[in-house]
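Reviewing the structure listed below.
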Number of protein chains: 4
Amino acid sequence: MTSQTPAAMPDVQAMDDRRKIAIDKVGVKAVTYPIILRTPEGGAQTTVANINMYVSLPHCQKGTHMSRFLEVLNEHNSEPVHPEDIPTIARVIKERLEAEDAYLELEFTYFIRKQAPVTKMSGLMDYRVTFAVHSNSHDDFVMGVRAPATSLCPCSKEISDRGAHNQRCEIEARVRFKGSLWIEDLARMIEKSASTEVFAVLKRPDEKFVTEQAYDNPKFVEDIVRDLAMRLDADERILQYTITSENFESIHNHSAYAQISRDKRSPGGA
Amino acid sequence: MTSQTPAAMPDVQAMDDRRKIAIDKVGVKAVTYPIILRTPEGGAQTTVANINMYVSLPHCQKGTHMSRFLEVLNEHNSEPVHPEDIPTIARVIKERLEAEDAYLELEFTYFIRKQAPVTKMSGLMDYRVTFAVHSNSHDDFVMGVRAPATSLCPCSKEISDRGAHNQRCEIEARVRFKGSLWIEDLARMIEKSASTEVFAVLKRPDEKFVTEQAYDNPKFVEDIVRDLAMRLDADERILQYTITSENFESIHNHSAYAQISRDKRSPGGA
Amino acid sequence: MTSQTPAAMPDVQAMDDRRKIAIDKVGVKAVTYPIILRTPEGGAQTTVANINMYVSLPHCQKGTHMSRFLEVLNEHNSEPVHPEDIPTIARVIKERLEAEDAYLELEFTYFIRKQAPVTKMSGLMDYRVTFAVHSNSHDDFVMGVRAPATSLCPCSKEISDRGAHNQRCEIEARVRFKGSLWIEDLARMIEKSASTEVFAVLKRPDEKFVTEQAYDNPKFVEDIVRDLAMRLDADERILQYTITSENFESIHNHSAYAQISRDKRSPGGA
Amino acid sequence: MTSQTPAAMPDVQAMDDRRKIAIDKVGVKAVTYPIILRTPEGGAQTTVANINMYVSLPHCQKGTHMSRFLEVLNEHNSEPVHPEDIPTIARVIKERLEAEDAYLELEFTYFIRKQAPVTKMSGLMDYRVTFAVHSNSHDDFVMGVRAPATSLCPCSKEISDRGAHNQRCEIEARVRFKGSLWIEDLARMIEKSASTEVFAVLKRPDEKFVTEQAYDNPKFVEDIVRDLAMRLDADERILQYTITSENFESIHNHSAYAQISRDKRSPGGA
């Protein structure tokens, strides 16, 4: 370290601010960092996360100390985390930054090994996962999983003498929950709600299987979110959800889209 | 038209649904379409919009009629629109789709002619604009403008013997308002809140001007959103706002970010 | 203008450079600017382009004059251009920057009005178009059109008892040509090479038509590029082409892709 | 497995094709898959790659066997690879697909631990790395590293009474080489060619250091690529290079860009 230490330098961020305007969120955005996740089989999976970390700032303080966010990240990225551990990191941010509120958002690719439906050939499927925590007097934690799947149009099947248009769709569930919920649990509920699932490797008997399963199981984008809503309604761990499906229509250059939100904790509940 | 008319085909979407699950939003997403905007000078500007259009769907109805969204779009894209006209189109969607709620979201590039600060050379600057309407018994309309600008770090300037790190930032204001508000009005309030503005064309005397203006006007990301908040607080047309600044830090591979929301219509008001 | 004119300021870019390293391309990248295109019907279409403009720089010169690129752009964006006019703008850049080579690249959305196949309902389809010019002692001009379409898998159809997986694909042709070639000409050749076309608006009789046409016309990604190659081989205006198709597989979370390049001017010709 | 085995199903891809058009590249694109890389310290780093895998297809064959690409990927993603191992995987693809040419392209985030310049605080910096192999009778391998850095404008510094505009830039080197070259080697050469480096964590003495270092070391985008070219010219392992720098100008809403290509193996050499 040089002779000019931090102590000798003015701390501009710590100065008073006279504008009397509190800031809801201030911090670092779009930090790329590795994270390690615990897997249900007892192993660990390393992936690359896009991370945002914010705190609230009272009206009287000029600025936050940005480098402390990265210090917290450095201290917590070497051991495997379960989704349940994420709120802990948000609380550490809140303490280190001496803030009333801390926000921690992560988005990353997560791989699940899947077997092809007939030949049982194995491959890795990629999912996009999000963790979002708001920590103040208590913690609010939302976990999201976005999975690709196949949708086949019931209208196209019904009115056509042969065939039916189908396409890849992306279905996402963002949930608040109690107890233990693995990424794998949410991914399974999502994939079962589409016309058929997608896979990394499919040999011909598998391709025949998914083609026929999709044709036998036509679903509008509305059906996909309704069937997923029924699954989440039936699972007692799920307290609140927002689910969406975006179908990349094979007959248009735009998407079909549907969304349902429900809070099971309140009577009317959206 | 063929002898097989729509009337002869089953209307699968109009069938009953027994799952008793209403859908919050269903429609088309990521439609690319041209739109024409009125300009304050009395002219018109054609640009390319990314458009989402949704309606709510009652629990008893199986599906919405996707093609009608595009029909409404076709009927309304040939004449120039002012921001005030946007809610009208959402109401047409609501009626055509026989829905309780309609949602209309547009995002597009908008150009404003700006003169360089010293040489007065003229060029076009590009801004990202969003319109978001929710129409049910009344209309809720949010207009957003995202403008590039320059931020220069007060801490870096204070602690360094020479120079100061600076960078491009993107500042966005999303506002609810009364009366008439042009995209240009919001863009000006945003640009005045940064260390200095950015321009399409700068000759050397202009470059000297913006370099020195930024150096004389250092701002943290916190300062940018606070100064913009003060401007929006002072403008009586603005009823509610959410403002953000993302600074693409020149000394890091991530951004500094700040956000303030305020509803001037309610006492506590966020 | 201030009393301090450009003449009084040092011209750092014009200084000598001793490293003896010439630069292939230097200029401005990712400029967002409006352009106006002539249409075959004699009208004009305004759109938003992403533009790169570069020149070569001899080893002895320290820097290029970046602001001149924008000046050229300002002078040429107010009148409608035909693809044939693009090389002219590159030559202006070359002269204004006093360079041996100039490069001009544009990418933009272009709309073509299409009628649905049965009901003849009209709507606008969006295409991505690229212009790329390299101008030195002569001009080299490449025009590219990327169009969405539908592909239906022949293998899936053949091995399945019912249905066949299909999906949106993006087919692109980048061509060197002689004479007059409209964006519309290239778009038509591309769309005819897929299993069926996509449309902005489709009513039920149209949806039945495209569903059955795709099913009756199965194509691998290989078939699409081969059929498009045959069309381009048969058109005497086309001198050289690179064509690709990316099929967003509905049964996988990745794409199938194929590419063919051919130079009809040389015997072996790729 | 069903009674209908692959053997009993028609192999549509293996059929004859009469169009007499060979395909340059056909395969899978945008596959997301984990890979493990060897590190110079003897460890391993797991990351997430975006992968393309293609082969050439002779004119007489209707289609390639897409699922085999994924099978090869599955077999090779469980052990750490050094850049030198990448061509081996391309050769396996070529053999498994019975093709004359195989292409393998990977792009991924790679982390390198860096210490802040004064306080020596440690953090992980993210780089984008690409591997591209074309394997036929011999192997052609290109490794690319894209690193963020800081550029400070010499003109702005020279003409201004105080300050100088600076910004993040992204510098990329894509190289053909002999012997052993680590990602770290290329990243170091890139970072030394900018005005100053960027870091994950900077405390105030570090921020003072990089601010002053950038101010004392102004560089045009032209200077950055020239200084990097000199470093690559001096390294005997480097046989050919294409280097670019994109500077996200803090005073404009577009980038400054420069590019140099050189083949040291040929006399004239680009």
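Labeling convention for the structure tokens: chains A, B, ... as they appear, residues from 1 per chain, ligands from 1 in order of appearance.
By only C-alpha atoms, and with residues fewer than 4 positions from Val48 (chain A) along its chain excluded, the set lying at most 6 Å from it is A:Tyr33, A:Pro34, A:Phe108.
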Write out as a PDB file with all heavy atoms, in the first residue's frame every residue belonging to chain B that has an atom at most 7 Å from any atom of chain C, counting only C-alpha atoms.
ATOM      1  N   MET B   1     -61.453 -15.234 -51.346  1.00  0.00           N
ATOM      2  CA  MET B   1     -61.641 -16.129 -50.188  1.00  0.00           C
ATOM      3  C   MET B   1     -62.133 -17.504 -50.662  1.00  0.00           C
ATOM      4  O   MET B   1     -62.875 -17.598 -51.624  1.00  0.00           O
ATOM      5  CB  MET B   1     -62.647 -15.514 -49.203  1.00  0.00           C
ATOM      6  CG  MET B   1     -62.627 -16.192 -47.853  1.00  0.00           C
ATOM      7  SD  MET B   1     -63.835 -15.498 -46.701  1.00  0.00           S
ATOM      8  CE  MET B   1     -63.194 -13.866 -46.428  1.00  0.00           C
ATOM      9  N   THR B   2     -61.723 -18.537 -50.001  1.00  0.00           N
ATOM     10  CA  THR B   2     -62.143 -19.875 -50.403  1.00  0.00           C
ATOM     11  C   THR B   2     -63.584 -20.099 -49.984  1.00  0.00           C
ATOM     12  O   THR B   2     -64.181 -19.298 -49.272  1.00  0.00           O
ATOM     13  CB  THR B   2     -61.288 -20.950 -49.717  1.00  0.00           C
ATOM     14  OG1 THR B   2     -61.554 -20.892 -48.318  1.00  0.00           O
ATOM     15  CG2 THR B   2     -59.832 -20.746 -49.981  1.00  0.00           C
ATOM     16  N   THR B   5     -65.327 -20.654 -45.341  1.00  0.00           N
ATOM     17  CA  THR B   5     -65.232 -19.370 -44.647  1.00  0.00           C
ATOM     18  C   THR B   5     -64.971 -19.593 -43.168  1.00  0.00           C
ATOM     19  O   THR B   5     -65.161 -20.698 -42.655  1.00  0.00           O
ATOM     20  CB  THR B   5     -66.543 -18.591 -44.795  1.00  0.00           C
ATOM     21  OG1 THR B   5     -67.569 -19.345 -44.147  1.00  0.00           O
ATOM     22  CG2 THR B   5     -66.896 -18.377 -46.252  1.00  0.00           C
ATOM     23  N   PRO B   6     -64.529 -18.551 -42.469  1.00  0.00           N
ATOM     24  CA  PRO B   6     -64.311 -18.667 -41.021  1.00  0.00           C
ATOM     25  C   PRO B   6     -65.555 -19.184 -40.305  1.00  0.00           C
ATOM     26  O   PRO B   6     -65.461 -19.939 -39.348  1.00  0.00           O
ATOM     27  CB  PRO B   6     -63.987 -17.231 -40.599  1.00  0.00           C
ATOM     28  CG  PRO B   6     -63.455 -16.572 -41.825  1.00  0.00           C
ATOM     29  CD  PRO B   6     -64.144 -17.232 -42.982  1.00  0.00           C
ATOM     30  N   THR B  32     -43.053  -6.144 -34.358  1.00  0.00           N
ATOM     31  CA  THR B  32     -42.287  -5.029 -34.914  1.00  0.00           C
ATOM     32  C   THR B  32     -43.165  -4.300 -35.922  1.00  0.00           C
ATOM     33  O   THR B  32     -43.666  -4.918 -36.859  1.00  0.00           O
ATOM     34  CB  THR B  32     -41.001  -5.556 -35.590  1.00  0.00           C
ATOM     35  OG1 THR B  32     -40.268  -6.341 -34.643  1.00  0.00           O
ATOM     36  CG2 THR B  32     -40.135  -4.407 -36.080  1.00  0.00           C
ATOM     37  N   THR B  46     -41.367   9.204 -38.452  1.00  0.00           N
ATOM     38  CA  THR B  46     -41.668   7.775 -38.573  1.00  0.00           C
ATOM     39  C   THR B  46     -40.557   6.974 -37.920  1.00  0.00           C
ATOM     40  O   THR B  46     -39.378   7.242 -38.151  1.00  0.00           O
ATOM     41  CB  THR B  46     -41.781   7.373 -40.055  1.00  0.00           C
ATOM     42  OG1 THR B  46     -42.814   8.141 -40.658  1.00  0.00           O
ATOM     43  CG2 THR B  46     -42.125   5.898 -40.181  1.00  0.00           C
ATOM     44  N   THR B  47     -40.919   5.989 -37.120  1.00  0.00           N
ATOM     45  CA  THR B  47     -39.912   5.141 -36.500  1.00  0.00           C
ATOM     46  C   THR B  47     -40.431   3.711 -36.413  1.00  0.00           C
ATOM     47  O   THR B  47     -41.510   3.400 -36.931  1.00  0.00           O
ATOM     48  CB  THR B  47     -39.492   5.701 -35.115  1.00  0.00           C
ATOM     49  OG1 THR B  47     -38.430   4.898 -34.591  1.00  0.00           O
ATOM     50  CG2 THR B  47     -40.647   5.696 -34.144  1.00  0.00           C
ATOM     51  N   VAL B  48     -39.632   2.827 -35.806  1.00  0.00           N
ATOM     52  CA  VAL B  48     -39.948   1.402 -35.748  1.00  0.00           C
ATOM     53  C   VAL B  48     -40.169   1.023 -34.293  1.00  0.00           C
ATOM     54  O   VAL B  48     -39.287   1.221 -33.465  1.00  0.00           O
ATOM     55  CB  VAL B  48     -38.794   0.564 -36.334  1.00  0.00           C
ATOM     56  CG1 VAL B  48     -39.099  -0.919 -36.231  1.00  0.00           C
ATOM     57  CG2 VAL B  48     -38.537   0.964 -37.784  1.00  0.00           C
ATOM     58  N   SER B  67     -55.590 -12.544 -33.746  1.00  0.00           N
ATOM     59  CA  SER B  67     -55.460 -11.781 -34.994  1.00  0.00           C
ATOM     60  C   SER B  67     -56.071 -10.386 -34.885  1.00  0.00           C
ATOM     61  O   SER B  67     -55.698  -9.482 -35.617  1.00  0.00           O
ATOM     62  CB  SER B  67     -56.083 -12.544 -36.159  1.00  0.00           C
ATOM     63  OG  SER B  67     -57.468 -12.724 -35.936  1.00  0.00           O
ATOM     64  N   LEU B  70     -53.630  -7.471 -34.230  1.00  0.00           N
ATOM     65  CA  LEU B  70     -52.923  -6.976 -35.409  1.00  0.00           C
ATOM     66  C   LEU B  70     -53.841  -6.135 -36.288  1.00  0.00           C
ATOM     67  O   LEU B  70     -53.403  -5.175 -36.927  1.00  0.00           O
ATOM     68  CB  LEU B  70     -52.332  -8.145 -36.207  1.00  0.00           C
ATOM     69  CG  LEU B  70     -50.962  -8.678 -35.777  1.00  0.00           C
ATOM     70  CD1 LEU B  70     -49.879  -7.631 -36.008  1.00  0.00           C
ATOM     71  CD2 LEU B  70     -50.937  -9.187 -34.367  1.00  0.00           C
ATOM     72  N   ASN B  74     -53.062  -2.393 -37.552  1.00  0.00           N
ATOM     73  CA  ASN B  74     -53.133  -2.006 -38.963  1.00  0.00           C
ATOM     74  C   ASN B  74     -53.971  -0.755 -39.173  1.00  0.00           C
ATOM     75  O   ASN B  74     -53.668   0.081 -40.016  1.00  0.00           O
ATOM     76  CB  ASN B  74     -53.754  -3.138 -39.777  1.00  0.00           C
ATOM     77  CG  ASN B  74     -52.687  -4.036 -40.370  1.00  0.00           C
ATOM     78  OD1 ASN B  74     -51.591  -3.585 -40.649  1.00  0.00           O
ATOM     79  ND2 ASN B  74     -53.018  -5.301 -40.551  1.00  0.00           N
ATOM     80  N   VAL B 118     -20.906  24.765 -28.981  1.00  0.00           N
ATOM     81  CA  VAL B 118     -20.122  25.934 -29.382  1.00  0.00           C
ATOM     82  C   VAL B 118     -20.281  26.220 -30.879  1.00  0.00           C
ATOM     83  O   VAL B 118     -20.692  27.302 -31.271  1.00  0.00           O
ATOM     84  CB  VAL B 118     -18.626  25.754 -29.018  1.00  0.00           C
ATOM     85  CG1 VAL B 118     -17.804  26.961 -29.478  1.00  0.00           C
ATOM     86  CG2 VAL B 118     -18.477  25.517 -27.516  1.00  0.00           C
ATOM     87  N   THR B 119     -19.981  25.224 -31.713  1.00  0.00           N
ATOM     88  CA  THR B 119     -20.033  25.462 -33.164  1.00  0.00           C
ATOM     89  C   THR B 119     -21.459  25.477 -33.687  1.00  0.00           C
ATOM     90  O   THR B 119     -21.688  25.865 -34.829  1.00  0.00           O
ATOM     91  CB  THR B 119     -19.262  24.366 -33.930  1.00  0.00           C
ATOM     92  OG1 THR B 119     -19.926  23.114 -33.713  1.00  0.00           O
ATOM     93  CG2 THR B 119     -17.820  24.276 -33.472  1.00  0.00           C
ATOM     94  N   GLY B 123     -27.105  17.871 -35.464  1.00  0.00           N
ATOM     95  CA  GLY B 123     -27.121  16.430 -35.694  1.00  0.00           C
ATOM     96  C   GLY B 123     -28.299  15.823 -34.953  1.00  0.00           C
ATOM     97  O   GLY B 123     -28.925  16.481 -34.115  1.00  0.00           O
ATOM     98  N   ASP B 126     -30.366  10.048 -30.698  1.00  0.00           N
ATOM     99  CA  ASP B 126     -31.374   8.996 -30.552  1.00  0.00           C
ATOM    100  C   ASP B 126     -31.698   8.733 -29.089  1.00  0.00           C
ATOM    101  O   ASP B 126     -30.804   8.628 -28.250  1.00  0.00           O
ATOM    102  CB  ASP B 126     -30.892   7.710 -31.221  1.00  0.00           C
ATOM    103  CG  ASP B 126     -29.538   7.254 -30.714  1.00  0.00           C
ATOM    104  OD1 ASP B 126     -28.561   8.037 -30.836  1.00  0.00           O
ATOM    105  OD2 ASP B 126     -29.444   6.144 -30.180  1.00  0.00           O
ATOM    106  N   VAL B 201     -22.672  15.189 -33.224  1.00  0.00           N
ATOM    107  CA  VAL B 201     -21.471  15.756 -33.855  1.00  0.00           C
ATOM    108  C   VAL B 201     -20.835  16.765 -32.913  1.00  0.00           C
ATOM    109  O   VAL B 201     -21.514  17.657 -32.408  1.00  0.00           O
ATOM    110  CB  VAL B 201     -21.825  16.498 -35.170  1.00  0.00           C
ATOM    111  CG1 VAL B 201     -20.547  16.849 -35.935  1.00  0.00           C
ATOM    112  CG2 VAL B 201     -22.754  15.696 -36.042  1.00  0.00           C
ATOM    113  N   LEU B 202     -19.536  16.606 -32.689  1.00  0.00           N
ATOM    114  CA  LEU B 202     -18.782  17.576 -31.879  1.00  0.00           C
ATOM    115  C   LEU B 202     -17.499  17.920 -32.620  1.00  0.00           C
ATOM    116  O   LEU B 202     -16.708  17.035 -32.918  1.00  0.00           O
ATOM    117  CB  LEU B 202     -18.436  16.995 -30.494  1.00  0.00           C
ATOM    118  CG  LEU B 202     -19.574  16.730 -29.504  1.00  0.00           C
ATOM    119  CD1 LEU B 202     -19.036  16.013 -28.263  1.00  0.00           C
ATOM    120  CD2 LEU B 202     -20.254  18.038 -29.095  1.00  0.00           C
ATOM    121  N   LYS B 203     -17.273  19.208 -32.896  1.00  0.00           N
ATOM    122  CA  LYS B 203     -15.981  19.644 -33.427  1.00  0.00           C
ATOM    123  C   LYS B 203     -15.088  19.980 -32.219  1.00  0.00           C
ATOM    124  O   LYS B 203     -15.538  19.978 -31.072  1.00  0.00           O
ATOM    125  CB  LYS B 203     -16.164  20.857 -34.346  1.00  0.00           C
ATOM    126  CG  LYS B 203     -17.141  20.610 -35.505  1.00  0.00           C
ATOM    127  CD  LYS B 203     -16.752  19.459 -36.416  1.00  0.00           C
ATOM    128  CE  LYS B 203     -15.580  19.810 -37.316  1.00  0.00           C
ATOM    129  NZ  LYS B 203     -15.283  18.664 -38.243  1.00  0.00           N
ATOM    130  N   ARG B 204     -13.828  20.305 -32.477  1.00  0.00           N
ATOM    131  CA  ARG B 204     -12.911  20.481 -31.343  1.00  0.00           C
ATOM    132  C   ARG B 204     -13.337  21.529 -30.306  1.00  0.00           C
ATOM    133  O   ARG B 204     -13.236  21.270 -29.103  1.00  0.00           O
ATOM    134  CB  ARG B 204     -11.487  20.753 -31.846  1.00  0.00           C
ATOM    135  CG  ARG B 204     -10.675  19.443 -31.898  1.00  0.00           C
ATOM    136  CD  ARG B 204      -9.339  19.628 -32.554  1.00  0.00           C
ATOM    137  NE  ARG B 204      -9.519  19.916 -33.978  1.00  0.00           N
ATOM    138  CZ  ARG B 204      -8.630  20.526 -34.734  1.00  0.00           C
ATOM    139  NH1 ARG B 204      -7.495  20.922 -34.211  1.00  0.00           N
ATOM    140  NH2 ARG B 204      -8.876  20.730 -36.009  1.00  0.00           N
ATOM    141  N   PRO B 205     -13.853  22.690 -30.705  1.00  0.00           N
ATOM    142  CA  PRO B 205     -14.287  23.647 -29.664  1.00  0.00           C
ATOM    143  C   PRO B 205     -15.435  23.079 -28.818  1.00  0.00           C
ATOM    144  O   PRO B 205     -15.554  23.381 -27.625  1.00  0.00           O
ATOM    145  CB  PRO B 205     -14.753  24.862 -30.475  1.00  0.00           C
ATOM    146  CG  PRO B 205     -14.086  24.730 -31.806  1.00  0.00           C
ATOM    147  CD  PRO B 205     -13.950  23.263 -32.057  1.00  0.00           C
TER     148      PRO B 205
END
Exercise. Select from region 65-144 of chain A everything DSSP, run on the backbone, classes as helix (DSSP H, G or I), then give the selection as an MDAnalysis selection string.
Key: chainID A and resid 66:75 83:96
Self-check item: Contacts of Thr242 (chain A) at 8 Å (only C-alpha atoms; same-chain gap of 4+ positions) as a list in words
Solution: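 Skipping anything fewer than 4 positions along the chain leaves Ala173, Arg174, Val175, Gln259, Ile260, Ser261 and Arg262 of chain A.
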Practice problem: Considering only C-alpha atoms, return as number ranges by chain whatever protein or nucleic-acid residues lie within 7 Å of Pro218 (chain D), sequence-local ones (same chain, fewer than 3 positions apart) excluded. | Solution: D: 151-154, 195, 214-215
Self-check item: CA of Val198 (chain A) to CA of Asp24 (chain B), straight-line distance in Å
Solution: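 CA of Val198 (chain A) lies 26.7 Å from CA of Asp24 (chain B).
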